[in-house]
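Shown next: protein10.txt, containing compact mmCIF, N, CA and C atoms.
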```
# COMPACT_ATOMS: atom_id res chain seq x y z
N MET C 1 -14.72 23.02 15.54
CA MET C 1 -14.69 21.60 15.23
C MET C 1 -15.10 21.35 13.78
N LYS C 2 -16.09 22.09 13.30
CA LYS C 2 -16.53 21.92 11.93
C LYS C 2 -15.42 22.29 10.95
N ASN C 3 -14.62 23.28 11.34
CA ASN C 3 -13.53 23.69 10.46
C ASN C 3 -12.45 22.61 10.36
N ILE C 4 -12.21 21.93 11.46
CA ILE C 4 -11.22 20.85 11.46
C ILE C 4 -11.71 19.72 10.56
N ILE C 5 -13.00 19.41 10.64
CA ILE C 5 -13.57 18.35 9.80
C ILE C 5 -13.48 18.74 8.32
N LYS C 6 -13.71 20.02 8.02
CA LYS C 6 -13.59 20.49 6.64
C LYS C 6 -12.17 20.31 6.12
N ILE C 7 -11.20 20.63 6.95
CA ILE C 7 -9.79 20.47 6.55
C ILE C 7 -9.49 18.99 6.30
N ILE C 8 -9.94 18.14 7.20
CA ILE C 8 -9.69 16.71 7.05
C ILE C 8 -10.33 16.19 5.77
N PHE C 9 -11.57 16.57 5.51
CA PHE C 9 -12.24 16.11 4.29
C PHE C 9 -11.59 16.67 3.04
N LYS C 10 -11.19 17.94 3.09
CA LYS C 10 -10.57 18.55 1.92
C LYS C 10 -9.26 17.86 1.56
N TRP C 11 -8.37 17.73 2.53
CA TRP C 11 -7.06 17.16 2.23
C TRP C 11 -7.12 15.64 2.09
N GLY C 12 -8.02 14.99 2.80
CA GLY C 12 -8.19 13.55 2.63
C GLY C 12 -8.74 13.22 1.25
N ALA C 13 -9.72 14.01 0.80
CA ALA C 13 -10.28 13.78 -0.54
C ALA C 13 -9.24 14.08 -1.62
N LEU C 14 -8.46 15.14 -1.43
CA LEU C 14 -7.41 15.44 -2.41
C LEU C 14 -6.37 14.33 -2.46
N LEU C 15 -5.98 13.83 -1.29
CA LEU C 15 -5.00 12.75 -1.26
C LEU C 15 -5.56 11.49 -1.89
N GLY C 16 -6.79 11.14 -1.55
CA GLY C 16 -7.42 9.95 -2.14
C GLY C 16 -7.55 10.07 -3.65
N ALA C 17 -7.96 11.24 -4.12
CA ALA C 17 -8.09 11.46 -5.56
C ALA C 17 -6.72 11.43 -6.24
N GLY C 18 -5.72 12.00 -5.59
CA GLY C 18 -4.38 11.99 -6.16
C GLY C 18 -3.81 10.59 -6.26
N LEU C 19 -3.99 9.80 -5.21
CA LEU C 19 -3.50 8.41 -5.24
C LEU C 19 -4.25 7.60 -6.29
N SER C 20 -5.55 7.84 -6.43
CA SER C 20 -6.33 7.14 -7.45
C SER C 20 -5.86 7.52 -8.84
N LEU C 21 -5.56 8.80 -9.04
CA LEU C 21 -5.07 9.26 -10.33
C LEU C 21 -3.71 8.63 -10.66
N ILE C 22 -2.84 8.55 -9.67
CA ILE C 22 -1.53 7.92 -9.89
C ILE C 22 -1.72 6.44 -10.25
N LYS C 23 -2.63 5.76 -9.57
CA LYS C 23 -2.91 4.36 -9.88
C LYS C 23 -3.48 4.22 -11.29
N LEU C 24 -4.33 5.14 -11.70
CA LEU C 24 -4.90 5.12 -13.05
C LEU C 24 -3.82 5.37 -14.10
N LEU C 25 -2.91 6.28 -13.80
CA LEU C 25 -1.78 6.52 -14.72
C LEU C 25 -0.93 5.25 -14.86
N GLY C 26 -0.77 4.52 -13.76
CA GLY C 26 -0.04 3.25 -13.82
C GLY C 26 -0.71 2.25 -14.72
N PHE C 27 -2.04 2.24 -14.74
CA PHE C 27 -2.77 1.34 -15.64
C PHE C 27 -2.51 1.71 -17.09
N PHE C 28 -2.56 3.01 -17.40
CA PHE C 28 -2.32 3.44 -18.77
C PHE C 28 -0.85 3.24 -19.18
N ALA C 29 0.04 3.26 -18.19
CA ALA C 29 1.47 3.06 -18.48
C ALA C 29 1.79 1.61 -18.82
N LEU C 30 0.85 0.69 -18.59
CA LEU C 30 1.08 -0.71 -18.95
C LEU C 30 1.26 -0.87 -20.45
N ASN C 31 0.65 0.03 -21.22
CA ASN C 31 0.72 -0.06 -22.67
C ASN C 31 2.03 0.44 -23.25
N ILE C 32 2.78 1.22 -22.48
CA ILE C 32 4.07 1.68 -22.97
C ILE C 32 5.15 0.77 -22.43
N ASP C 33 6.30 0.84 -23.03
CA ASP C 33 7.38 -0.07 -22.65
C ASP C 33 8.34 0.63 -21.69
N TYR C 34 7.78 1.16 -20.58
CA TYR C 34 8.60 1.88 -19.60
C TYR C 34 8.12 1.47 -18.21
N PRO C 35 9.04 1.14 -17.32
CA PRO C 35 8.63 0.73 -15.97
C PRO C 35 8.13 1.93 -15.16
N PHE C 36 6.83 2.02 -14.96
CA PHE C 36 6.22 3.16 -14.27
C PHE C 36 6.15 2.96 -12.76
N GLU C 37 6.37 1.74 -12.27
CA GLU C 37 6.22 1.46 -10.84
C GLU C 37 7.11 2.33 -9.95
N PRO C 38 8.40 2.51 -10.24
CA PRO C 38 9.20 3.38 -9.37
C PRO C 38 8.70 4.83 -9.36
N ILE C 39 8.28 5.30 -10.52
CA ILE C 39 7.75 6.66 -10.59
C ILE C 39 6.45 6.75 -9.81
N SER C 40 5.61 5.74 -9.95
CA SER C 40 4.34 5.70 -9.22
C SER C 40 4.57 5.72 -7.72
N ASP C 41 5.51 4.92 -7.25
CA ASP C 41 5.82 4.89 -5.82
C ASP C 41 6.30 6.25 -5.33
N LEU C 42 7.16 6.88 -6.08
CA LEU C 42 7.68 8.19 -5.71
C LEU C 42 6.56 9.23 -5.69
N LEU C 43 5.69 9.20 -6.70
CA LEU C 43 4.58 10.14 -6.74
C LEU C 43 3.63 9.94 -5.56
N MET C 44 3.42 8.69 -5.17
CA MET C 44 2.54 8.43 -4.02
C MET C 44 3.14 8.97 -2.73
N VAL C 45 4.44 8.80 -2.55
CA VAL C 45 5.10 9.33 -1.36
C VAL C 45 5.00 10.86 -1.34
N ILE C 46 5.25 11.47 -2.49
CA ILE C 46 5.16 12.93 -2.58
C ILE C 46 3.74 13.39 -2.28
N ALA C 47 2.74 12.69 -2.81
CA ALA C 47 1.35 13.06 -2.55
C ALA C 47 1.02 12.95 -1.07
N PHE C 48 1.45 11.87 -0.43
CA PHE C 48 1.21 11.71 1.01
C PHE C 48 1.84 12.84 1.80
N VAL C 49 3.11 13.07 1.57
CA VAL C 49 3.82 14.09 2.33
C VAL C 49 3.21 15.47 2.10
N ALA C 50 2.92 15.79 0.85
CA ALA C 50 2.39 17.11 0.52
C ALA C 50 1.01 17.33 1.14
N CYS C 51 0.11 16.36 1.00
CA CYS C 51 -1.23 16.54 1.54
C CYS C 51 -1.25 16.56 3.06
N LEU C 52 -0.48 15.70 3.69
CA LEU C 52 -0.42 15.73 5.15
C LEU C 52 0.19 17.04 5.64
N TYR C 53 1.25 17.47 5.00
CA TYR C 53 1.88 18.73 5.39
C TYR C 53 0.92 19.91 5.23
N MET C 54 0.27 19.98 4.07
CA MET C 54 -0.61 21.11 3.81
C MET C 54 -1.84 21.09 4.72
N GLY C 55 -2.39 19.91 4.98
CA GLY C 55 -3.54 19.82 5.88
C GLY C 55 -3.20 20.22 7.30
N ILE C 56 -2.09 19.71 7.81
CA ILE C 56 -1.68 20.04 9.18
C ILE C 56 -1.27 21.51 9.26
N LYS C 57 -0.62 22.01 8.23
CA LYS C 57 -0.21 23.42 8.20
C LYS C 57 -1.44 24.33 8.19
N GLU C 58 -2.45 23.98 7.40
CA GLU C 58 -3.67 24.79 7.37
C GLU C 58 -4.35 24.80 8.72
N LEU C 59 -4.43 23.65 9.35
CA LEU C 59 -5.02 23.57 10.68
C LEU C 59 -4.24 24.42 11.67
N ARG C 60 -2.92 24.30 11.64
CA ARG C 60 -2.07 25.04 12.56
C ARG C 60 -2.20 26.55 12.35
N ASP C 61 -2.12 26.98 11.11
CA ASP C 61 -2.10 28.42 10.84
C ASP C 61 -3.46 29.07 11.02
N ASP C 62 -4.53 28.40 10.62
CA ASP C 62 -5.84 29.04 10.63
C ASP C 62 -6.61 28.85 11.93
N TYR C 63 -6.39 27.74 12.63
CA TYR C 63 -7.24 27.45 13.78
C TYR C 63 -6.48 27.17 15.07
N GLN C 64 -5.16 27.16 15.04
CA GLN C 64 -4.39 26.86 16.25
C GLN C 64 -3.43 28.00 16.60
N ASP C 65 -3.61 29.16 16.04
CA ASP C 65 -2.79 30.33 16.33
C ASP C 65 -1.30 30.09 16.07
N GLY C 66 -1.00 29.30 15.05
CA GLY C 66 0.40 29.07 14.66
C GLY C 66 1.13 28.02 15.47
N LEU C 67 0.47 27.43 16.45
CA LEU C 67 1.07 26.38 17.28
C LEU C 67 0.18 25.15 17.23
N ILE C 68 0.80 24.00 17.16
CA ILE C 68 0.02 22.76 17.16
C ILE C 68 0.80 21.71 17.94
N LYS C 69 0.08 20.98 18.77
CA LYS C 69 0.71 19.90 19.52
C LYS C 69 0.88 18.69 18.61
N TYR C 70 1.82 17.86 18.98
CA TYR C 70 2.10 16.66 18.19
C TYR C 70 0.86 15.77 18.09
N THR C 71 0.16 15.59 19.21
CA THR C 71 -1.00 14.70 19.20
C THR C 71 -2.08 15.22 18.26
N ARG C 72 -2.32 16.53 18.24
CA ARG C 72 -3.33 17.11 17.34
C ARG C 72 -2.91 16.91 15.89
N ALA C 73 -1.62 17.13 15.60
CA ALA C 73 -1.13 16.93 14.23
C ALA C 73 -1.21 15.46 13.83
N PHE C 74 -0.87 14.57 14.75
CA PHE C 74 -0.90 13.15 14.46
C PHE C 74 -2.33 12.68 14.19
N VAL C 75 -3.26 13.09 15.03
CA VAL C 75 -4.66 12.68 14.86
C VAL C 75 -5.22 13.25 13.56
N THR C 76 -4.90 14.48 13.25
CA THR C 76 -5.35 15.07 11.98
C THR C 76 -4.78 14.30 10.80
N GLY C 77 -3.51 14.00 10.84
CA GLY C 77 -2.88 13.22 9.78
C GLY C 77 -3.48 11.83 9.66
N PHE C 78 -3.80 11.23 10.79
CA PHE C 78 -4.45 9.91 10.78
C PHE C 78 -5.79 9.97 10.06
N TRP C 79 -6.62 10.96 10.38
CA TRP C 79 -7.94 11.05 9.75
C TRP C 79 -7.84 11.39 8.27
N ILE C 80 -6.89 12.23 7.90
CA ILE C 80 -6.67 12.54 6.48
C ILE C 80 -6.28 11.26 5.75
N THR C 81 -5.37 10.50 6.32
CA THR C 81 -4.92 9.26 5.70
C THR C 81 -6.04 8.23 5.63
N LEU C 82 -6.84 8.11 6.68
CA LEU C 82 -7.95 7.17 6.69
C LEU C 82 -8.97 7.50 5.60
N LEU C 83 -9.30 8.78 5.46
CA LEU C 83 -10.24 9.18 4.41
C LEU C 83 -9.66 8.88 3.03
N ALA C 84 -8.38 9.19 2.85
CA ALA C 84 -7.73 8.90 1.57
C ALA C 84 -7.73 7.40 1.30
N TYR C 85 -7.50 6.60 2.32
CA TYR C 85 -7.52 5.14 2.18
C TYR C 85 -8.90 4.67 1.72
N LEU C 86 -9.96 5.18 2.34
CA LEU C 86 -11.31 4.77 1.96
C LEU C 86 -11.62 5.15 0.52
N ILE C 87 -11.20 6.32 0.10
CA ILE C 87 -11.39 6.74 -1.29
C ILE C 87 -10.60 5.83 -2.23
N MET C 88 -9.38 5.51 -1.84
CA MET C 88 -8.54 4.65 -2.67
C MET C 88 -9.14 3.24 -2.78
N VAL C 89 -9.68 2.71 -1.70
CA VAL C 89 -10.32 1.39 -1.74
C VAL C 89 -11.53 1.42 -2.66
N ALA C 90 -12.33 2.47 -2.57
CA ALA C 90 -13.48 2.59 -3.47
C ALA C 90 -13.02 2.66 -4.92
N PHE C 91 -11.94 3.40 -5.18
CA PHE C 91 -11.42 3.47 -6.54
C PHE C 91 -10.93 2.10 -7.01
N LEU C 92 -10.21 1.38 -6.15
CA LEU C 92 -9.69 0.07 -6.54
C LEU C 92 -10.81 -0.92 -6.82
N ILE C 93 -11.89 -0.84 -6.07
CA ILE C 93 -13.04 -1.72 -6.35
C ILE C 93 -13.59 -1.41 -7.73
N ILE C 94 -13.77 -0.13 -8.02
CA ILE C 94 -14.25 0.27 -9.35
C ILE C 94 -13.24 -0.11 -10.42
N ASP C 95 -11.96 0.11 -10.13
CA ASP C 95 -10.91 -0.18 -11.09
C ASP C 95 -10.88 -1.65 -11.48
N TYR C 96 -10.89 -2.53 -10.49
CA TYR C 96 -10.79 -3.95 -10.78
C TYR C 96 -12.10 -4.55 -11.28
N GLN C 97 -13.22 -3.85 -11.08
CA GLN C 97 -14.50 -4.34 -11.59
C GLN C 97 -14.77 -3.89 -13.03
N PHE C 98 -14.36 -2.65 -13.37
CA PHE C 98 -14.77 -2.08 -14.64
C PHE C 98 -13.62 -1.63 -15.55
N ILE C 99 -12.54 -1.13 -14.99
CA ILE C 99 -11.47 -0.56 -15.81
C ILE C 99 -10.44 -1.62 -16.16
N ASP C 100 -9.82 -2.19 -15.15
CA ASP C 100 -8.74 -3.18 -15.35
C ASP C 100 -9.24 -4.53 -14.84
N LYS C 101 -10.10 -5.17 -15.61
CA LYS C 101 -10.74 -6.41 -15.18
C LYS C 101 -9.75 -7.55 -14.95
N ASP C 102 -8.62 -7.53 -15.66
CA ASP C 102 -7.62 -8.58 -15.50
C ASP C 102 -6.50 -8.16 -14.54
N GLY C 103 -6.69 -7.08 -13.81
CA GLY C 103 -5.64 -6.54 -12.95
C GLY C 103 -5.23 -7.48 -11.84
N VAL C 104 -6.19 -8.08 -11.16
CA VAL C 104 -5.87 -8.97 -10.05
C VAL C 104 -5.15 -10.21 -10.57
N ALA C 105 -5.62 -10.76 -11.67
CA ALA C 105 -4.97 -11.93 -12.26
C ALA C 105 -3.55 -11.59 -12.70
N ARG C 106 -3.35 -10.41 -13.26
CA ARG C 106 -2.02 -9.98 -13.69
C ARG C 106 -1.07 -9.83 -12.50
N ILE C 107 -1.56 -9.23 -11.43
CA ILE C 107 -0.74 -9.05 -10.22
C ILE C 107 -0.40 -10.41 -9.62
N ASN C 108 -1.38 -11.31 -9.57
CA ASN C 108 -1.11 -12.66 -9.05
C ASN C 108 -0.07 -13.38 -9.90
N GLN C 109 -0.16 -13.24 -11.21
CA GLN C 109 0.81 -13.88 -12.11
C GLN C 109 2.21 -13.31 -11.89
N GLN C 110 2.30 -11.99 -11.72
CA GLN C 110 3.60 -11.36 -11.45
C GLN C 110 4.19 -11.89 -10.15
N ASN C 111 3.35 -12.05 -9.12
CA ASN C 111 3.84 -12.57 -7.84
C ASN C 111 4.28 -14.02 -7.96
N ILE C 112 3.57 -14.81 -8.74
CA ILE C 112 3.97 -16.20 -8.96
C ILE C 112 5.32 -16.25 -9.67
N GLU C 113 5.49 -15.41 -10.68
CA GLU C 113 6.76 -15.38 -11.41
C GLU C 113 7.91 -14.94 -10.51
N LYS C 114 7.67 -13.95 -9.64
CA LYS C 114 8.71 -13.51 -8.69
C LYS C 114 9.08 -14.64 -7.73
N ALA C 115 8.07 -15.37 -7.26
CA ALA C 115 8.33 -16.48 -6.34
C ALA C 115 9.11 -17.59 -7.05
N GLN C 116 8.77 -17.88 -8.30
CA GLN C 116 9.49 -18.90 -9.05
C GLN C 116 10.93 -18.48 -9.30
N MET C 117 11.15 -17.20 -9.57
CA MET C 117 12.52 -16.72 -9.75
C MET C 117 13.32 -16.83 -8.46
N ALA C 118 12.67 -16.53 -7.34
CA ALA C 118 13.35 -16.65 -6.04
C ALA C 118 13.69 -18.09 -5.74
N ILE C 119 12.79 -19.01 -6.07
CA ILE C 119 13.06 -20.43 -5.85
C ILE C 119 14.18 -20.91 -6.76
N ALA C 120 14.19 -20.39 -7.99
CA ALA C 120 15.24 -20.79 -8.93
C ALA C 120 16.62 -20.33 -8.45
N LYS C 121 16.67 -19.23 -7.72
CA LYS C 121 17.94 -18.72 -7.21
C LYS C 121 18.35 -19.40 -5.90
N ASP C 122 17.51 -20.27 -5.40
CA ASP C 122 17.78 -20.94 -4.14
C ASP C 122 19.07 -21.75 -4.25
N THR C 123 19.86 -21.75 -3.19
CA THR C 123 21.16 -22.42 -3.21
C THR C 123 21.08 -23.87 -2.73
N ILE C 124 19.93 -24.30 -2.29
CA ILE C 124 19.79 -25.66 -1.79
C ILE C 124 19.42 -26.57 -2.96
N THR C 125 20.08 -27.70 -3.02
CA THR C 125 19.77 -28.66 -4.09
C THR C 125 18.55 -29.49 -3.71
N GLN C 126 18.02 -30.18 -4.69
CA GLN C 126 16.83 -31.01 -4.45
C GLN C 126 17.16 -32.15 -3.48
N SER C 127 18.33 -32.74 -3.58
CA SER C 127 18.69 -33.84 -2.67
C SER C 127 18.83 -33.32 -1.24
N GLU C 128 19.35 -32.11 -1.06
CA GLU C 128 19.45 -31.53 0.28
C GLU C 128 18.06 -31.27 0.86
N ARG C 129 17.15 -30.79 0.03
CA ARG C 129 15.77 -30.57 0.49
C ARG C 129 15.13 -31.90 0.90
N ASP C 130 15.30 -32.93 0.08
CA ASP C 130 14.71 -34.23 0.39
C ASP C 130 15.28 -34.80 1.68
N ASN C 131 16.59 -34.65 1.86
CA ASN C 131 17.24 -35.12 3.08
C ASN C 131 16.70 -34.38 4.30
N TYR C 132 16.57 -33.08 4.19
CA TYR C 132 16.04 -32.28 5.29
C TYR C 132 14.61 -32.69 5.63
N LEU C 133 13.78 -32.85 4.62
CA LEU C 133 12.39 -33.23 4.86
C LEU C 133 12.27 -34.61 5.50
N SER C 134 13.11 -35.55 5.06
CA SER C 134 13.05 -36.89 5.67
C SER C 134 13.51 -36.83 7.13
N GLN C 135 14.53 -36.03 7.42
CA GLN C 135 14.97 -35.88 8.80
C GLN C 135 13.88 -35.23 9.66
N MET C 136 13.22 -34.22 9.12
CA MET C 136 12.15 -33.56 9.86
C MET C 136 10.98 -34.52 10.09
N GLN C 137 10.71 -35.35 9.11
CA GLN C 137 9.64 -36.33 9.25
C GLN C 137 9.96 -37.30 10.39
N GLU C 138 11.21 -37.76 10.47
CA GLU C 138 11.62 -38.66 11.55
C GLU C 138 11.48 -37.98 12.91
N ILE C 139 11.89 -36.72 12.99
CA ILE C 139 11.79 -35.99 14.26
C ILE C 139 10.34 -35.83 14.66
N ILE C 140 9.50 -35.50 13.72
CA ILE C 140 8.07 -35.32 14.03
C ILE C 140 7.45 -36.63 14.48
N LEU C 141 7.81 -37.72 13.83
CA LEU C 141 7.27 -39.02 14.23
C LEU C 141 7.73 -39.39 15.63
N LYS C 142 9.00 -39.13 15.98
CA LYS C 142 9.50 -39.41 17.31
C LYS C 142 8.77 -38.57 18.34
N GLU C 143 8.52 -37.28 18.03
CA GLU C 143 7.81 -36.40 18.95
C GLU C 143 6.38 -36.90 19.17
N ASN C 144 5.74 -37.34 18.13
CA ASN C 144 4.37 -37.81 18.25
C ASN C 144 4.28 -39.11 19.06
N THR C 145 5.27 -39.98 18.90
CA THR C 145 5.22 -41.25 19.63
C THR C 145 5.57 -41.07 21.10
N THR C 146 6.42 -40.09 21.44
CA THR C 146 6.80 -39.88 22.84
C THR C 146 5.77 -39.10 23.61
N SER C 147 4.93 -38.33 22.95
CA SER C 147 3.96 -37.51 23.70
C SER C 147 2.61 -38.14 23.82
```
Will you turn the file into structure tokens for me?
Amino acid sequence: MKNIIKIIFKWGALLGAGLSLIKLLGFFALNIDYPFEPISDLLMVIAFVACLYMGIKELRDDYQDGLIKYTRAFVTGFWITLLAYLIMVAFLIIDYQFIDKDGVARINQQNIEKAQMAIAKDTITQSERDNYLSQMQEIILKENTTS
């Protein structure tokens, strides 16, 4: 049992550290004029797959005589991922408190801009929206008076 916990901590810590490093590289990539987000996403997927594979493989080969049940592999992967998540959350707290102090505001601004662009692409005109809202208001008032 202690060996299984060692494997989980080893690969969970490696995954958490790797994800934190990728996130830190993304922060430094803000200064260059190259979109790092797709590369960051790909690196995170590769890190997840590699660490889960290597952790489950180590458990299978060293402590399960080369055979492992799905449930054992799933539970091991879950604990590796949970530990990596906790490490990543700790890193993000440190990151947004000390390293990238304007990170949350920047992300919020990007989301606002994306929402405004989506609204700008909307095919409904303002008069159609007003008409719809007035009709809905009438329906709601009728429902309230009848009940």
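Nearest to C:Ser20 of all the residues C:Ile112, C:Ile39, C:Leu141, C:Ile87 is C:Ile87, counting all atoms listed in the file.
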- Would you please work out which residue, of C:Ser40, C:Glu113, C:Ile119, C:Ile7, is nearest to C:Lys23 when using only N, CA and C atoms?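 The shortest atom-to-atom distance to C:Lys23 comes from C:Ser40.
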- Message: To one decimal place in Å, what is the distance between atom N of C:Pro38 and atom C of C:Ile80?
- Response: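 Taking atom N of C:Pro38 as the start and atom C of C:Ile80 as the end point, the length is 23.4 Å.
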- If you count only C-alpha atoms, which residues fall within 12 Å of C:Ile56, apart from same-chain ones fewer than 4 positions away, as a VMD selection string? chain C and resid 4 7 to 8 10 to 12 49 to 52 60 to 64 66 to 81
Listed atoms of stretch 25-31 of chain C, axis-aligned box, 5 Å per side: centre and edge lengths to one decimal in Å, as JSON?
```
{"center_x": -0.4, "center_y": 2.8, "center_z": -18.5, "size_x": 14.9, "size_y": 17.4, "size_z": 19.5}
```
- Message: Please compute the atom CA of C:Leu133-atom CA of C:Asn108 distance, one decimal, in Å.
- Response: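 Taking atom CA of C:Leu133 and atom CA of C:Asn108, their separation equals 28.3 Å.
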- So how many Å separate atom CA of C:Ile22 and atom N of C:Ile5, to one decimal? 26.2 Å
- Using only C-alpha atoms, which of C:Asp100, C:Asp122, C:Lys142, C:Gln137 sits nearest C:Phe28?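 Between C:Asp100, C:Asp122, C:Lys142, C:Gln137, the residue approaching C:Phe28 most closely is C:Asp100.
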